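S.K.: For reference, this is final15.cif, and it has mmCIF, C-alpha atoms and all ligand atoms.
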```cif
data_start
#
loop_
_atom_site.group_PDB
_atom_site.id
_atom_site.type_symbol
_atom_site.label_atom_id
_atom_site.label_comp_id
_atom_site.auth_asym_id
_atom_site.auth_seq_id
_atom_site.Cartn_x
_atom_site.Cartn_y
_atom_site.Cartn_z
ATOM 1 C CA MET G 1 81.003 102.899 -11.500
ATOM 2 C CA THR G 2 82.520 101.050 -14.444
ATOM 3 C CA THR G 3 79.514 98.784 -15.027
ATOM 4 C CA ASN G 4 77.244 101.787 -15.242
ATOM 5 C CA ASN G 5 79.521 103.524 -17.757
ATOM 6 C CA GLY G 6 79.627 100.371 -19.876
ATOM 7 C CA ARG G 7 75.847 100.303 -19.932
ATOM 8 C CA LYS G 8 75.690 103.974 -20.892
ATOM 9 C CA ASP G 9 78.097 103.325 -23.781
ATOM 10 C CA VAL G 10 75.825 100.559 -25.054
ATOM 11 C CA ILE G 11 72.831 102.895 -24.848
ATOM 12 C CA ARG G 12 74.746 105.708 -26.639
ATOM 13 C CA ASN G 13 75.797 103.300 -29.399
ATOM 14 C CA ARG G 14 72.177 102.381 -29.932
ATOM 15 C CA MET G 15 71.141 106.045 -29.940
ATOM 16 C CA ALA G 16 73.761 106.731 -32.638
ATOM 17 C CA THR G 17 72.589 103.888 -34.897
ATOM 18 C CA THR G 18 68.827 104.188 -34.390
ATOM 19 C CA GLY G 19 68.393 107.897 -33.666
ATOM 20 C CA GLU G 20 66.379 107.046 -30.548
ATOM 21 C CA SER G 21 66.395 109.216 -27.444
ATOM 22 C CA TYR G 22 68.338 108.024 -24.418
ATOM 23 C CA ASN G 23 65.248 106.772 -22.577
ATOM 24 C CA VAL G 24 63.798 104.993 -25.610
ATOM 25 C CA ALA G 25 67.137 103.335 -26.393
ATOM 26 C CA ALA G 26 67.527 102.221 -22.765
ATOM 27 C CA ARG G 27 64.008 100.800 -22.687
ATOM 28 C CA ASN G 28 64.428 98.937 -25.973
ATOM 29 C CA LEU G 29 67.756 97.473 -24.878
ATOM 30 C CA LYS G 30 66.224 96.252 -21.632
ATOM 31 C CA ALA G 31 63.283 94.712 -23.508
ATOM 32 C CA MET G 32 65.709 92.896 -25.838
ATOM 33 C CA LYS G 33 67.697 91.596 -22.896
ATOM 34 C CA ASP G 34 64.523 90.433 -21.126
ATOM 35 C CA MET G 35 63.324 88.736 -24.297
ATOM 36 C CA GLY G 36 66.593 86.835 -24.666
ATOM 37 C CA ALA G 37 66.525 85.785 -21.031
ATOM 38 C CA THR G 38 62.871 84.795 -21.334
ATOM 39 C CA ARG G 39 63.608 82.623 -24.370
ATOM 40 C CA ASP G 40 66.523 80.957 -22.563
ATOM 41 C CA ALA G 41 64.390 80.340 -19.471
ATOM 42 C CA VAL G 42 61.581 78.763 -21.482
ATOM 43 C CA LEU G 43 64.110 76.542 -23.298
ATOM 44 C CA THR G 44 65.645 75.583 -19.947
ATOM 45 C CA GLN G 45 62.268 74.415 -18.696
ATOM 46 C CA ARG G 46 60.535 73.049 -21.787
ATOM 47 C CA TRP G 47 61.954 69.885 -23.276
ATOM 48 C CA ARG G 48 60.839 66.288 -23.565
ATOM 49 C CA PRO G 49 62.596 63.610 -21.537
ATOM 50 C CA ALA G 50 65.068 61.475 -23.468
ATOM 51 C CA PRO G 51 63.485 58.313 -24.954
ATOM 52 C CA SER G 52 66.282 56.227 -23.430
ATOM 53 C CA LEU G 53 69.412 56.637 -21.336
ATOM 54 C CA ASP G 54 71.574 56.006 -24.415
ATOM 55 C CA VAL G 55 70.964 59.505 -25.735
ATOM 56 C CA PRO G 56 72.023 62.747 -24.039
ATOM 57 C CA CYS G 57 69.396 64.384 -21.866
ATOM 58 C CA PRO G 58 67.577 67.112 -23.867
ATOM 59 C CA CYS G 59 67.833 69.527 -20.945
ATOM 60 C CA GLY G 60 71.228 70.435 -22.370
ATOM 61 C CA GLY G 61 73.529 68.379 -20.208
ATOM 62 C CA THR G 62 72.929 70.549 -17.170
ATOM 63 C CA CYS G 63 71.686 67.634 -15.035
ATOM 64 C CA GLU G 64 73.351 64.848 -13.071
ATOM 65 C CA PRO G 65 73.177 61.267 -14.324
ATOM 66 C CA GLY G 66 70.126 59.539 -12.822
ATOM 67 C CA GLU G 67 70.781 57.375 -9.789
ATOM 68 C CA THR G 68 70.124 53.646 -9.594
ATOM 69 C CA CYS G 69 66.804 52.844 -7.932
ATOM 70 C CA ASP G 70 66.995 51.201 -4.499
ATOM 71 C CA ARG G 71 63.749 49.351 -5.096
ATOM 72 C CA CYS G 72 64.007 47.913 -8.614
ATOM 73 C CA HIS G 73 67.646 48.706 -9.524
ATOM 74 C CA ALA G 74 66.645 50.430 -12.771
ATOM 75 C CA ARG G 75 68.070 53.875 -13.478
ATOM 76 C CA HIS G 76 66.320 57.159 -12.875
ATOM 77 C CA ARG G 77 65.790 59.501 -15.809
ATOM 78 C CA HIS G 78 65.668 63.306 -15.752
ATOM 79 C CA VAL G 79 62.045 64.108 -16.671
ATOM 80 C CA ALA G 80 61.247 67.682 -15.659
ATOM 81 C CA ARG G 81 62.649 71.001 -14.463
ATOM 82 C CA HIS G 82 60.930 73.788 -12.514
ATOM 83 C CA PRO G 83 62.057 76.894 -10.687
ATOM 84 C CA GLY G 84 63.388 75.615 -7.357
ATOM 85 C CA SER G 85 63.228 78.696 -5.160
ATOM 86 C CA LEU G 86 61.002 81.661 -4.441
ATOM 87 C CA THR G 87 63.793 84.246 -4.525
ATOM 88 C CA GLU G 88 66.934 82.635 -6.013
ATOM 89 C CA VAL G 89 66.262 82.970 -9.735
ATOM 90 C CA GLU G 90 69.118 80.686 -10.820
ATOM 91 C CA THR G 91 67.919 77.830 -8.591
ATOM 92 C CA TRP G 92 66.019 75.088 -10.384
ATOM 93 C CA ALA G 93 64.533 71.781 -9.224
ATOM 94 C CA ASP G 94 65.144 68.725 -11.410
ATOM 95 C CA ARG G 95 62.797 65.776 -11.159
ATOM 96 C CA TYR G 96 63.994 62.251 -11.863
ATOM 97 C CA ASP G 97 61.664 59.286 -12.381
ATOM 98 C CA CYS G 98 62.695 55.655 -12.140
ATOM 99 C CA LEU G 99 62.444 53.815 -15.464
ATOM 100 C CA GLY G 100 61.391 50.608 -13.713
ATOM 101 C CA CYS G 101 58.953 51.617 -10.976
ATOM 102 C CA SER G 102 57.118 54.642 -9.579
ATOM 103 C CA ALA G 103 60.069 55.937 -7.524
ATOM 104 C CA SER G 104 61.183 59.510 -8.101
ATOM 105 C CA TYR G 105 63.298 62.205 -6.496
ATOM 106 C CA THR G 106 64.070 65.879 -6.945
ATOM 107 C CA LEU G 107 67.477 67.560 -7.032
ATOM 108 C CA THR G 108 67.970 71.267 -6.475
ATOM 109 C CA ILE G 109 70.575 72.757 -8.790
ATOM 110 C CA THR G 110 71.967 76.171 -9.714
ATOM 111 C CA LEU G 111 72.254 77.175 -13.353
ATOM 112 C CA PRO G 112 74.395 80.322 -13.503
ATOM 113 C CA GLY G 113 73.262 82.646 -16.272
ATOM 114 C CA ARG G 114 70.010 80.709 -16.726
ATOM 115 C CA PRO G 115 67.545 82.521 -14.459
ATOM 116 C CA TRP G 116 63.823 81.657 -14.502
ATOM 117 C CA GLY G 117 62.941 85.247 -13.673
ATOM 118 C CA VAL G 118 64.169 88.510 -12.223
ATOM 119 C CA ALA G 119 64.716 89.124 -8.519
ATOM 120 C CA GLU G 120 63.874 92.629 -7.377
ATOM 121 C CA THR G 121 64.290 94.254 -3.980
ATOM 122 C CA VAL G 122 61.112 96.053 -3.018
ATOM 123 C CA ILE G 123 60.234 98.123 0.009
ATOM 124 C CA GLN G 124 57.267 96.645 1.791
ATOM 125 C CA GLY G 125 54.774 97.983 4.276
ATOM 126 C CA GLY G 126 54.903 100.679 6.917
ATOM 127 C CA SER G 127 58.122 99.367 8.440
ATOM 128 C CA ALA G 128 59.829 100.011 5.076
ATOM 129 C CA GLU G 129 61.275 96.544 5.162
ATOM 130 C CA GLU G 130 63.315 95.474 2.137
ATOM 131 C CA VAL G 131 62.193 92.171 0.701
ATOM 132 C CA VAL G 132 63.351 90.271 -2.359
ATOM 133 C CA ARG G 133 60.554 89.490 -4.753
ATOM 134 C CA ALA G 134 60.978 87.389 -7.858
ATOM 135 C CA ARG G 135 59.167 87.978 -11.115
ATOM 136 C CA VAL G 136 58.744 84.883 -13.274
ATOM 137 C CA PHE G 137 59.463 85.246 -16.997
ATOM 138 C CA PRO G 138 56.385 84.778 -19.192
ATOM 139 C CA GLY G 139 56.116 81.179 -20.360
ATOM 140 C CA VAL G 140 57.933 79.747 -17.347
ATOM 141 C CA VAL G 141 55.819 77.676 -14.975
ATOM 142 C CA HIS G 142 56.682 78.203 -11.312
ATOM 143 C CA PRO G 143 55.096 75.774 -8.862
ATOM 144 C CA GLN G 144 54.592 78.477 -6.197
ATOM 145 C CA LEU G 145 54.546 81.817 -8.024
ATOM 146 C CA ARG G 146 52.047 83.118 -10.532
ATOM 147 C CA PRO G 147 53.366 84.679 -13.728
ATOM 148 C CA GLU G 148 53.148 88.451 -13.974
ATOM 149 C CA PRO G 149 50.355 89.522 -16.288
ATOM 150 C CA SER G 150 51.991 90.959 -19.394
ATOM 151 C CA GLU G 151 51.682 94.677 -19.998
ATOM 152 C CA GLU G 152 49.451 94.174 -23.042
ATOM 153 C CA ASP G 153 46.712 92.423 -21.039
HETATM 154 ZN ZN ZN C 1 68.686 66.511 -17.935
HETATM 155 ZN ZN ZN C 2 62.653 51.798 -9.389
#
```
Do you think you could lay out the structure here as structure tokens?
M.R.:
Amino acid sequence: MTTNNGRKDVIRNRMATTGESYNVAARNLKAMKDMGATRDAVLTQRWRPAPSLDVPCPCGGTCEPGETCDRCHARHRHVARHPGSLTEVETWADRYDCLGCSASYTLTITLPGRPWGVAETVIQGGSAEEVVRARVFPGVVHPQLRPEPSEED
């Protein structure tokens, strides 16, 4: 397994520079990775809508241009982003509001490398059924899932 060996090399490099044991180095590396992913996820979700359509959308250009409204013919503006799936951690839902009336719509998008959490396969119940369960990063608001309590609580 090449990927596994690569990971072990990274852990050994950390052991050599920090003097940590293998398990401690592995745990610290994972925590750093989770922290980076958590920060990215929070940034992906938390931004203020652009004041006008003349400036780039603060979500980072990962959205589609807003459609023209059928009712009032104004443009829609990207106003919010939430996790868009219960198990697909790179699926987000973008909400667009019309600038001229109360119309709005939601687009489901995939942001590769920008997960809102971690998907884990867990064995459930007496039938030993494998189910995918997603854990939401702290600070990310999921409309259907509760955040995991942090270990310090
Ligand atoms: Zn946007
Ligand atoms: Zn409208």
S.K.: Could you jot down the CA of Leu111 (chain G) to CA of Val89 (chain G) separation for me, Å, one decimal place?
M.R.: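 If I compute the distance from CA of Leu111 (chain G) to CA of Val89 (chain G), I get 9.1 Å.
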S.K.: Using only C-alpha atoms, which residues sit within 12 Å of Cys69 (chain G) once same-chain residues fewer than 5 positions away are excluded, as a PyMOL selection string?
M.R.: chain G and resi 74-77+96-105
S.K.: Okay, now the selection with C-alpha atoms, as a compact mmCIF listing (two decimals), in the coordinates of the input?
M.R.:
```txt
# COMPACT_ATOMS: atom_id res chain seq x y z
CA ALA G 74 66.64 50.43 -12.77
CA ARG G 75 68.07 53.88 -13.48
CA HIS G 76 66.32 57.16 -12.88
CA ARG G 77 65.79 59.50 -15.81
CA TYR G 96 63.99 62.25 -11.86
CA ASP G 97 61.66 59.29 -12.38
CA CYS G 98 62.70 55.66 -12.14
CA LEU G 99 62.44 53.82 -15.46
CA GLY G 100 61.39 50.61 -13.71
CA CYS G 101 58.95 51.62 -10.98
CA SER G 102 57.12 54.64 -9.58
CA ALA G 103 60.07 55.94 -7.52
CA SER G 104 61.18 59.51 -8.10
CA TYR G 105 63.30 62.20 -6.50
```
S.K.: Name every residue that the PyMOL selection byres (((not hetatm)) within 7 of (chain C and resi 1)) selects in this structure, writing the answer as a list in words with chains first and numbers rising.
M.R.: Cys57, Pro58, Cys59, Gly60, Gly61, Thr62, Cys63, Glu64 and His78 of chain G
S.K.: Suppose you want the space between CA of Ala93 (chain G) and CA of Gln144 (chain G); what is it in Å?
M.R.: 12.4 Å
S.K.: Nearest residue to Leu145 (chain G) out of G:Met32, G:Ala26, G:Gly84, G:Arg14, using all atoms listed in the file?
M.R.: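 Nearest to Leu145 (chain G): G:Gly84.
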S.K.: Pick the closest to ligand ZN 2 (chain C) from G:Cys72, G:Ala31, G:Leu107, G:Met15: which is it, counting all atoms listed in the file?
M.R.: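 Going through G:Cys72, G:Ala31, G:Leu107, G:Met15 one by one, the smallest distance to ligand ZN 2 (chain C) is for G:Cys72.
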